[in-house]
Amino acid sequence: MKVYFLGTGTSQGIPVIGSDHPVCLSRDTKDKRLRVSALLSWENQSYAIDCGPDFRQQMLAANCRKLDGILFTHEHADHTAGLDDIRPFNFRQGDMPIYGHKRVIESLKRRFDYIFETENRYPGAPSVTVTEVEKDSDFEIGGKKVIPVNAWHADLQVFGYRIDNFAYLTDVKTIEPEEIEKLRGLKVLVVNALRIEPHISHFNLEEALAFIKLIQPERAYLTHISHHMGFHEEVQQTLPENVFLAYDNLEIVI
Ligand SMILES: [Zn+2]
């Protein structure tokens with residue numbers, strides 16, 4: 001399986017509009033971060049995790065010509081706002097399969113009502129087929145088993161996903177012990193780390209590193225990064241040898 005980091009930034013992306021912060025002004029391409037998302041691919045299958053406001057640009061950057069589905073972690077705009085841009089895939093492939101918690105699907109129905117409209121649909125409107133994801137119910141995509149991992153973004157439930165020995169968790173602040181058990185024996189763990197300072201709804205760097213220590217994957221990649229984390233090159237040097245800051249357009253093979 002290949003994992004392509006489509007975006008590794010927090011909700012505003014980096015650079016932040018109008019910001020004079022040194023990280024926002026950095027010329028290092030690794031300090032440019034679109035909103036968080038990843039593309040998983042194997043054989044002839046490709047699935048995106050989340051579909052934020054940079055989705056169109058990300059699909060172009062990854063040269064993604066066929067997308068077999070989108071797994072949603074939660075409904076926040078930085079993870080969902082790009083849903084209108086699935087149309088080129090609809091025109092070529094038909095309805096886009098989407099996967100998410102019932103609450104996330106209901107939120108999408110309110111915010112993208114025209115996508116879910118069954119009568120008098122606008123010609124060319126995006127179209128989806130929905131699979132509701134439930135805690136403790138594995139499901140299958142492209143011949144692979146997906147294990148939903150339940151976690152908490154402050155008070156908001158979020159899903160991470162495990163496929164084979166890879167797991168992707170974002171926007172996590174807390175996770176229950178029985179869910180941690182679903183993450184044993186990982187080769188690669190992707191997990192959010194917002195910044196150095198603590199935050200109410202995201203792991204900071206210290207919490208993410210403690211979580212990685214607990215899970216003990218072979219390698220871990222940090223994502224959903226704010227400009228307050230610091231310069232990519234400088235922060236990377238402070239990390240344990242099996243932990244990496246992800247960056248946009250990084251592709252790893254598992
Ligand atoms: Zn987010």
# chains A, B, ... in the order shown; residues from 1 in each chain; ligands from 1
>>> residues_around(residues="A:Ile196", least_positions_apart="4", cutoff="9 Å", atoms="only C-alpha atoms", output="CSV table (one decimal) with C-alpha atoms, in the first residue's frame")
chain,number,residue,atom,x,y,z
A,204,ASN,CA,0.4,18.7,21.0
A,205,LEU,CA,3.9,17.3,20.2
A,206,GLU,CA,4.5,15.9,23.6
A,228,HIS,CA,3.3,27.3,15.7
A,229,MET,CA,5.0,23.9,15.6
A,230,GLY,CA,8.1,25.7,14.0
>>> residues_near_ligand(ligand="ligand 1", cutoff="10 Å", atoms="only C-alpha atoms and all ligand atoms", output="number ranges by chain")
A: 8-12, 35-37, 50, 52, 73-80, 153, 170-172, 192, 194, 201-202, 224-225
>>> residues_around(residues="A:Phe116", least_positions_apart="5", cutoff="9 Å", atoms="only C-alpha atoms", output="ChimeraX atom specification")
/A:108-109,121,126-128
>>> select_by_dssp(residues="stretch 16-254 of chain A", states="alpha helix (DSSP H)", output="number ranges by chain")
A: 22-25, 55-61, 77-80, 87-93, 102-111, 113-116, 177-180, 205-215, 232-237
>>> atom_distance(atom1="atom CA of A:Ile141", atom2="atom CA of A:Asp113")
25.6 Å
>>> residues_around(residues="A:Pro15", least_positions_apart="2", cutoff="9 Å", atoms="only C-alpha atoms", output="list of chain:residue names")
A:Gln12, A:Gly13, A:Ile17, A:Gly18, A:Ser19, A:Asp20, A:His21, A:Val23, A:Cys24, A:Leu25, A:Ser26, A:Asp31, A:Lys32, A:Arg33, A:Leu34, A:His227
>>> write_last_selection(atoms="C-alpha atoms", output="short mmCIF file (atom, residue, chain, number, x, y, z; two decimals), in the first residue's frame")
data_model
loop_
_atom_site.label_atom_id
_atom_site.label_comp_id
_atom_site.auth_asym_id
_atom_site.auth_seq_id
_atom_site.Cartn_x
_atom_site.Cartn_y
_atom_site.Cartn_z
CA GLN A 12 -6.03 27.34 8.27
CA GLY A 13 -3.18 25.73 6.33
CA ILE A 17 -3.56 34.24 5.05
CA GLY A 18 -1.93 37.57 5.90
CA SER A 19 0.48 36.10 8.47
CA ASP A 20 3.99 37.44 9.01
CA HIS A 21 4.95 34.49 11.21
CA VAL A 23 7.11 29.75 9.38
CA CYS A 24 4.42 31.27 7.14
CA LEU A 25 7.17 33.23 5.35
CA SER A 26 9.50 30.20 5.03
CA ASP A 31 6.74 24.42 5.49
CA LYS A 32 3.83 24.81 3.02
CA ARG A 33 0.95 22.75 4.30
CA LEU A 34 -2.49 22.29 2.75
CA HIS A 227 2.77 27.07 11.91
#
>>> atom_distance(atom1="atom CA of A:Asn165", atom2="atom CA of A:Lys187")
5.3 Å
>>> residues_around(residues="stretch 173-182 of chain A", least_positions_apart="2", cutoff="9 Å", atoms="only C-alpha atoms", output="PDB file with C-alpha atoms, in the first residue's frame")
ATOM      1  CA  ILE A 147     -11.053  -1.154  11.283  1.00  0.00           C
ATOM      2  CA  PRO A 148     -12.603   2.087  12.586  1.00  0.00           C
ATOM      3  CA  VAL A 149     -10.777   3.419  15.636  1.00  0.00           C
ATOM      4  CA  ASN A 150     -12.906   5.594  17.885  1.00  0.00           C
ATOM      5  CA  ALA A 151     -11.277   8.672  19.393  1.00  0.00           C
ATOM      6  CA  TRP A 152     -12.164  12.107  20.757  1.00  0.00           C
ATOM      7  CA  HIS A 153     -11.478  15.603  19.434  1.00  0.00           C
ATOM      8  CA  ALA A 154     -12.344  17.288  22.765  1.00  0.00           C
ATOM      9  CA  ARG A 162      -6.654   0.969  10.416  1.00  0.00           C
ATOM     10  CA  ASP A 171      -7.792  15.473  15.304  1.00  0.00           C
ATOM     11  CA  ARG A 184      -1.217  -3.041  18.198  1.00  0.00           C
ATOM     12  CA  GLY A 185       1.459  -4.318  15.808  1.00  0.00           C
ATOM     13  CA  ASN A 192      -1.898  14.470  14.625  1.00  0.00           C
ATOM     14  CA  HIS A 199      -4.400  22.643  22.851  1.00  0.00           C
ATOM     15  CA  ILE A 200      -7.927  21.861  23.978  1.00  0.00           C
ATOM     16  CA  SER A 201      -8.849  19.485  21.146  1.00  0.00           C
ATOM     17  CA  HIS A 202      -5.601  18.298  19.503  1.00  0.00           C
ATOM     18  CA  PHE A 203      -2.549  16.385  20.671  1.00  0.00           C
ATOM     19  CA  ASN A 204       0.415  18.693  21.023  1.00  0.00           C
ATOM     20  CA  GLU A 207       1.134  14.090  23.709  1.00  0.00           C
ATOM     21  CA  LEU A 214       2.427   3.640  23.865  1.00  0.00           C
ATOM     22  CA  ILE A 215       1.466   2.192  20.447  1.00  0.00           C
TER      23      ILE A 215
END
>>> residues_around(residues="A:Leu222", least_positions_apart="2", cutoff="6 Å", atoms="only C-alpha atoms", output="ChimeraX atom specification")
/A:190-193,245-246
>>> closest_residue(among="A:Val146, A:Ile254, A:Ile105, A:Ile86", to="A:Ser41", atoms="only C-alpha atoms")
A:Ile254
>>> atom_distance(atom1="atom CA of A:Leu71", atom2="atom CA of A:Glu119")
26.1 Å
>>> select_by_dssp(residues="stretch 16-173 of chain A", states="strand (DSSP E or B)", output="ChimeraX atom specification")
/A:33,35,37-42,45-49,69-71,96-100,128-132,139-141,144-153,156-163,166-169
>>> residues_around(residues="A:Ala62", least_positions_apart="5", cutoff="8 Å", atoms="only C-alpha atoms", output="list in words")
Tyr4, Leu6 and Asn249 of chain A
>>> closest_residue(among="A:Gly82, A:Pro22, A:Gly124, A:Gly94", to="A:Phe112", atoms="only C-alpha atoms")
A:Gly82
